[in-house]
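Source file: work33.cif. Holds: mmCIF, C-alpha atoms.
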```
data_query
loop_
_atom_site.group_PDB
_atom_site.id
_atom_site.type_symbol
_atom_site.label_atom_id
_atom_site.label_comp_id
_atom_site.auth_asym_id
_atom_site.auth_seq_id
_atom_site.Cartn_x
_atom_site.Cartn_y
_atom_site.Cartn_z
ATOM 1 C CA MET A 1 -205.581 -67.027 -61.107
ATOM 2 C CA PHE A 2 -207.488 -69.095 -58.570
ATOM 3 C CA PRO A 3 -208.493 -72.650 -59.443
ATOM 4 C CA TRP A 4 -212.192 -73.237 -59.805
ATOM 5 C CA VAL A 5 -213.757 -74.218 -56.460
ATOM 6 C CA ARG A 6 -216.967 -76.232 -56.345
ATOM 7 C CA ARG A 7 -219.800 -75.106 -54.137
ATOM 8 C CA PRO A 8 -220.710 -77.563 -51.363
ATOM 9 C CA SER A 9 -223.651 -79.797 -52.017
ATOM 10 C CA PRO A 10 -226.926 -79.236 -50.123
ATOM 11 C CA ALA A 11 -226.229 -82.453 -48.191
ATOM 12 C CA MET A 12 -222.864 -81.086 -46.995
ATOM 13 C CA VAL A 13 -224.487 -77.808 -45.842
ATOM 14 C CA VAL A 14 -227.145 -79.721 -43.867
ATOM 15 C CA ALA A 15 -224.463 -81.977 -42.324
ATOM 16 C CA CYS A 16 -222.390 -78.954 -41.192
ATOM 17 C CA ILE A 17 -225.425 -77.278 -39.631
ATOM 18 C CA ALA A 18 -226.318 -80.513 -37.829
ATOM 19 C CA LEU A 19 -222.764 -80.764 -36.475
ATOM 20 C CA ILE A 20 -222.838 -77.184 -35.149
ATOM 21 C CA VAL A 21 -226.215 -77.764 -33.476
ATOM 22 C CA ALA A 22 -225.033 -81.041 -31.958
ATOM 23 C CA LEU A 23 -221.891 -79.468 -30.507
ATOM 24 C CA SER A 24 -223.610 -76.424 -29.004
ATOM 25 C CA GLY A 25 -227.169 -77.578 -28.414
ATOM 26 C CA THR A 26 -226.797 -79.121 -24.950
ATOM 27 C CA SER A 27 -225.018 -76.163 -23.342
ATOM 28 C CA TYR A 28 -227.552 -73.752 -24.808
ATOM 29 C CA ALA A 29 -230.417 -75.933 -23.541
ATOM 30 C CA LYS A 30 -228.947 -75.995 -20.017
ATOM 31 C CA ILE A 31 -228.819 -72.199 -19.926
ATOM 32 C CA LEU A 32 -232.448 -71.963 -20.992
ATOM 33 C CA ALA A 33 -233.451 -74.460 -18.275
ATOM 34 C CA LEU A 34 -232.213 -72.199 -15.426
ATOM 35 C CA PRO A 35 -234.956 -70.221 -13.694
ATOM 36 C CA LEU A 36 -234.518 -66.464 -13.496
ATOM 37 C CA ASN A 37 -232.332 -65.300 -10.531
ATOM 38 C CA SER A 38 -231.530 -68.901 -9.550
ATOM 39 C CA VAL A 39 -227.752 -68.455 -9.399
ATOM 40 C CA GLY A 40 -226.449 -66.418 -6.486
ATOM 41 C CA THR A 41 -223.731 -66.388 -3.845
ATOM 42 C CA PRO A 42 -224.579 -69.851 -2.367
ATOM 43 C CA GLN A 43 -224.231 -71.496 -5.805
ATOM 44 C CA LEU A 44 -220.802 -70.009 -6.577
ATOM 45 C CA LYS A 45 -217.652 -71.953 -5.817
ATOM 46 C CA ALA A 46 -215.092 -70.413 -3.455
ATOM 47 C CA ASN A 47 -213.002 -67.735 -5.213
ATOM 48 C CA ALA A 48 -215.018 -68.102 -8.434
ATOM 49 C CA VAL A 49 -215.482 -64.333 -8.730
ATOM 50 C CA ILE A 50 -212.235 -62.444 -8.272
ATOM 51 C CA SER A 51 -211.297 -58.852 -9.042
ATOM 52 C CA SER A 52 -209.478 -59.773 -12.253
ATOM 53 C CA LYS A 53 -212.745 -61.233 -13.614
ATOM 54 C CA VAL A 54 -214.873 -58.130 -12.884
ATOM 55 C CA LYS A 55 -215.046 -55.689 -15.779
ATOM 56 C CA ASP A 56 -214.235 -52.043 -15.036
ATOM 57 C CA HIS A 57 -217.183 -49.683 -14.586
ATOM 58 C CA THR A 58 -219.721 -52.492 -14.018
ATOM 59 C CA LEU A 59 -220.097 -52.153 -10.248
ATOM 60 C CA LEU A 60 -222.439 -49.636 -8.639
ATOM 61 C CA ALA A 61 -222.376 -48.075 -5.180
ATOM 62 C CA ALA A 62 -225.291 -50.387 -4.303
ATOM 63 C CA ASP A 63 -222.955 -53.382 -4.818
ATOM 64 C CA PHE A 64 -220.890 -52.406 -1.757
ATOM 65 C CA LYS A 65 -221.602 -52.517 1.967
ATOM 66 C CA PRO A 66 -221.761 -49.245 3.942
ATOM 67 C CA GLY A 67 -218.251 -47.989 4.687
ATOM 68 C CA GLN A 68 -216.540 -49.953 1.878
ATOM 69 C CA LEU A 69 -216.334 -46.975 -0.477
ATOM 70 C CA PRO A 70 -214.260 -43.886 0.331
ATOM 71 C CA ARG A 71 -216.144 -40.624 0.624
ATOM 72 C CA GLY A 72 -215.993 -38.397 -2.404
ATOM 73 C CA ILE A 73 -215.252 -34.710 -2.566
ATOM 74 C CA GLN A 74 -217.472 -32.841 -0.118
ATOM 75 C CA GLY A 75 -218.576 -29.211 -0.170
ATOM 76 C CA TYR A 76 -217.863 -28.668 -3.871
ATOM 77 C CA GLU A 77 -218.191 -24.972 -4.775
ATOM 78 C CA VAL A 78 -217.297 -22.776 -7.757
ATOM 79 C CA VAL A 79 -216.167 -19.265 -6.848
ATOM 80 C CA SER A 80 -216.493 -16.612 -9.582
ATOM 81 C CA PRO A 81 -215.231 -13.177 -8.578
ATOM 82 C CA PRO A 82 -216.258 -10.128 -10.641
ATOM 83 C CA PRO A 83 -214.241 -9.605 -13.851
ATOM 84 C CA ASN A 84 -211.085 -7.528 -13.614
ATOM 85 C CA ILE A 85 -211.068 -4.836 -16.313
ATOM 86 C CA VAL A 86 -207.990 -2.851 -17.320
ATOM 87 C CA MET A 87 -208.724 0.128 -19.578
ATOM 88 C CA ASN A 88 -205.192 1.075 -20.585
ATOM 89 C CA GLY A 89 -202.492 -1.336 -19.533
ATOM 90 C CA ILE A 90 -200.156 -4.153 -20.484
ATOM 91 C CA HIS A 91 -200.831 -6.564 -17.592
ATOM 92 C CA ASN A 92 -204.053 -7.786 -16.016
ATOM 93 C CA SER A 93 -204.353 -10.150 -13.073
ATOM 94 C CA ILE A 94 -207.062 -11.840 -11.040
ATOM 95 C CA SER A 95 -206.415 -13.685 -7.788
ATOM 96 C CA MET A 96 -209.108 -15.938 -6.325
ATOM 97 C CA THR A 97 -209.324 -17.509 -2.874
ATOM 98 C CA CYS A 98 -211.439 -20.397 -1.599
ATOM 99 C CA PRO A 99 -213.714 -19.919 1.403
ATOM 100 C CA ALA A 100 -212.157 -20.798 4.780
ATOM 101 C CA GLY A 101 -211.527 -24.523 5.233
ATOM 102 C CA LYS A 102 -211.668 -25.359 1.510
ATOM 103 C CA ARG A 103 -208.888 -26.031 -0.971
ATOM 104 C CA ALA A 104 -208.596 -25.349 -4.695
ATOM 105 C CA ILE A 105 -209.057 -28.468 -6.820
ATOM 106 C CA GLY A 106 -209.139 -26.579 -10.135
ATOM 107 C CA GLY A 107 -209.380 -23.161 -11.684
ATOM 108 C CA GLY A 108 -208.712 -21.004 -14.702
ATOM 109 C CA GLY A 109 -209.565 -17.866 -16.557
ATOM 110 C CA ALA A 110 -210.409 -16.276 -19.874
ATOM 111 C CA THR A 111 -209.550 -12.911 -21.370
ATOM 112 C CA GLY A 112 -210.886 -10.695 -24.100
ATOM 113 C CA GLY A 113 -211.134 -7.144 -25.287
ATOM 114 C CA GLY A 114 -209.211 -5.403 -28.040
ATOM 115 C CA ILE A 115 -207.587 -8.638 -29.190
ATOM 116 C CA VAL A 116 -205.131 -7.987 -32.004
ATOM 117 C CA PRO A 117 -202.997 -10.799 -33.481
ATOM 118 C CA GLY A 118 -199.500 -10.495 -32.063
ATOM 119 C CA ASP A 119 -200.701 -8.049 -29.391
ATOM 120 C CA GLY A 120 -202.964 -10.104 -27.106
ATOM 121 C CA PRO A 121 -204.012 -10.074 -24.364
ATOM 122 C CA TYR A 122 -202.681 -13.579 -23.731
ATOM 123 C CA ILE A 123 -202.897 -15.635 -20.547
ATOM 124 C CA THR A 124 -199.364 -15.911 -19.211
ATOM 125 C CA SER A 125 -200.049 -17.539 -15.804
ATOM 126 C CA ASN A 126 -202.789 -19.918 -14.738
ATOM 127 C CA VAL A 127 -201.623 -21.517 -11.485
ATOM 128 C CA PRO A 128 -202.817 -22.595 -8.023
ATOM 129 C CA SER A 129 -201.400 -20.814 -4.990
ATOM 130 C CA VAL A 130 -198.555 -22.450 -3.095
ATOM 131 C CA ASP A 131 -200.765 -23.224 -0.074
ATOM 132 C CA GLY A 132 -203.503 -24.736 -2.288
ATOM 133 C CA THR A 133 -206.285 -22.359 -1.199
ATOM 134 C CA GLY A 134 -206.259 -19.976 -4.173
ATOM 135 C CA TRP A 135 -205.699 -19.517 -7.887
ATOM 136 C CA LEU A 136 -203.960 -16.832 -9.968
ATOM 137 C CA VAL A 137 -204.535 -15.889 -13.621
ATOM 138 C CA ASP A 138 -202.369 -13.244 -15.347
ATOM 139 C CA THR A 139 -202.526 -11.757 -18.834
ATOM 140 C CA THR A 140 -200.062 -9.700 -20.833
ATOM 141 C CA ARG A 141 -200.291 -7.782 -24.085
ATOM 142 C CA ALA A 142 -197.634 -6.220 -26.294
ATOM 143 C CA VAL A 143 -199.167 -2.730 -26.462
ATOM 144 C CA SER A 144 -201.085 -0.939 -23.731
ATOM 145 C CA GLY A 145 -204.832 -1.385 -24.237
ATOM 146 C CA TYR A 146 -208.158 -2.650 -22.917
ATOM 147 C CA SER A 147 -208.581 -6.147 -21.477
ATOM 148 C CA ALA A 148 -211.194 -7.956 -19.435
ATOM 149 C CA LEU A 149 -210.217 -10.977 -17.354
ATOM 150 C CA ILE A 150 -212.570 -13.441 -15.708
ATOM 151 C CA GLY A 151 -211.625 -16.313 -13.463
ATOM 152 C CA ARG A 152 -213.195 -19.252 -11.683
ATOM 153 C CA ILE A 153 -211.859 -21.441 -8.930
ATOM 154 C CA ILE A 154 -213.255 -24.821 -7.915
ATOM 155 C CA CYS A 155 -213.099 -25.329 -4.158
ATOM 156 C CA ALA A 156 -213.923 -28.335 -1.986
ATOM 157 C CA ASN A 157 -213.416 -29.842 1.453
ATOM 158 C CA VAL A 158 -210.430 -32.099 0.879
ATOM 159 C CA PRO A 159 -209.409 -34.633 3.554
#
```

So, in terms of structure tokens, how does the structure I just supplied come out?
Amino acid sequence: MFPWVRRPSPAMVVACIALIVALSGTSYAKILALPLNSVGTPQLKANAVISSKVKDHTLLAADFKPGQLPRGIQGYEVVSPPPNIVMNGIHNSISMTCPAGKRAIGGGGATGGGIVPGDGPYITSNVPSVDGTGWLVDTTRAVSGYSALIGRIICANVP
């Protein structure tokens, strides 16, 4: 077992608190003595603030001069064609194309109708077109039947 340890005396507790206050009191007092917004660019030493000292996600667009930030995605648009319905078939497909001048930055689809475990319909392809302006979603089922397929493509002006 552990040997019996005596509790510190009240005098020892007061002495430890006094030591902590003495060691930290002056720096804390100096911080309190600074007026609000008194430290700015003129008070900083050269190279005092460098990129490795700036925490991620703490800067805002307002912290940069005009032209310092790259432009984001422009002309963002979601294209949703009508659903493609197959009444009695094994395959279903929907092909979507972005408006002229825009490129696909994302897309996908969903299927339903007569879903039977082991039969489907299941999405078998969900891919952008080779030229980057469209998107294709395909489904397949084991036995001929009903399926509805919807798709969406996200288009934008990409530099």

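Minimum distance to Gly120 of chain A across A:Gly107, A:Gly145, A:Pro99, A:Gly132 (counting all atoms listed in the file) occurs at A:Gly145.
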
(Q) Here is a test: counting only C-alpha atoms, which residue of A:Ser9, A:Gln68, A:Ser51, A:Ser144 is nearest to Asn92 of chain A? (A) A:Ser144

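Checking A:Cys155, A:Cys16, A:Ala48, A:Val54 one by one against Ile105 of chain A, counting all atoms listed in the file, you find the shortest gap at A:Cys155.
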
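This file gives the following result for the PyMOL selection byres ((chain A and resi 82-84) around 9): Ser80, Pro81, Ile85, Val86, Asn92, Ser93, Ile94, Ser147, Ala148, Leu149, Ile150 and Gly151 of chain A.
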
Go ahead and save the residues from that selection, with C-alpha atoms, as a short mmCIF file (atom, residue, chain, number, x, y, z; two decimals), in the frame of the given file.
```cif
data_model
loop_
_atom_site.label_atom_id
_atom_site.label_comp_id
_atom_site.auth_asym_id
_atom_site.auth_seq_id
_atom_site.Cartn_x
_atom_site.Cartn_y
_atom_site.Cartn_z
CA SER A 80 -216.49 -16.61 -9.58
CA PRO A 81 -215.23 -13.18 -8.58
CA ILE A 85 -211.07 -4.84 -16.31
CA VAL A 86 -207.99 -2.85 -17.32
CA ASN A 92 -204.05 -7.79 -16.02
CA SER A 93 -204.35 -10.15 -13.07
CA ILE A 94 -207.06 -11.84 -11.04
CA SER A 147 -208.58 -6.15 -21.48
CA ALA A 148 -211.19 -7.96 -19.43
CA LEU A 149 -210.22 -10.98 -17.35
CA ILE A 150 -212.57 -13.44 -15.71
CA GLY A 151 -211.62 -16.31 -13.46
#
```

Q: Have a look at atom CA of Arg103 of chain A and atom CA of Gly134 of chain A and let me know their distance in Å, one decimal.
A: 7.3 Å

(Q) Expand the PyMOL selection byres ((chain A and resi 91) around 8) into the explicit residue set it covers here, and present it as a list of chain:residue names. (A) A:Gly89, A:Ile90, A:Asn92, A:Ser93, A:Asp138, A:Thr139, A:Thr140, A:Arg141

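Applied to the file shown here, the PyMOL selection byres ((chain A and resi 126) around 6) selects the residues Ser125, Val127, Leu136 and Val137 of chain A.
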
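Our summary of the geometry notes that atom CA of Thr97 of chain A is positioned 6.5 Å from atom CA of Trp135 of chain A.
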
Q. Between A:Leu44, A:Val39, A:Val158, A:Leu19, which has the minimum distance to Tyr76 of chain A (counting only C-alpha atoms)?
A. A:Val158

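With all atoms listed in the file as the basis for measurement, A:Gly109 is the residue among A:Gly109, A:Gly40, A:Lys55, A:Val5 that approaches Val79 of chain A most closely.
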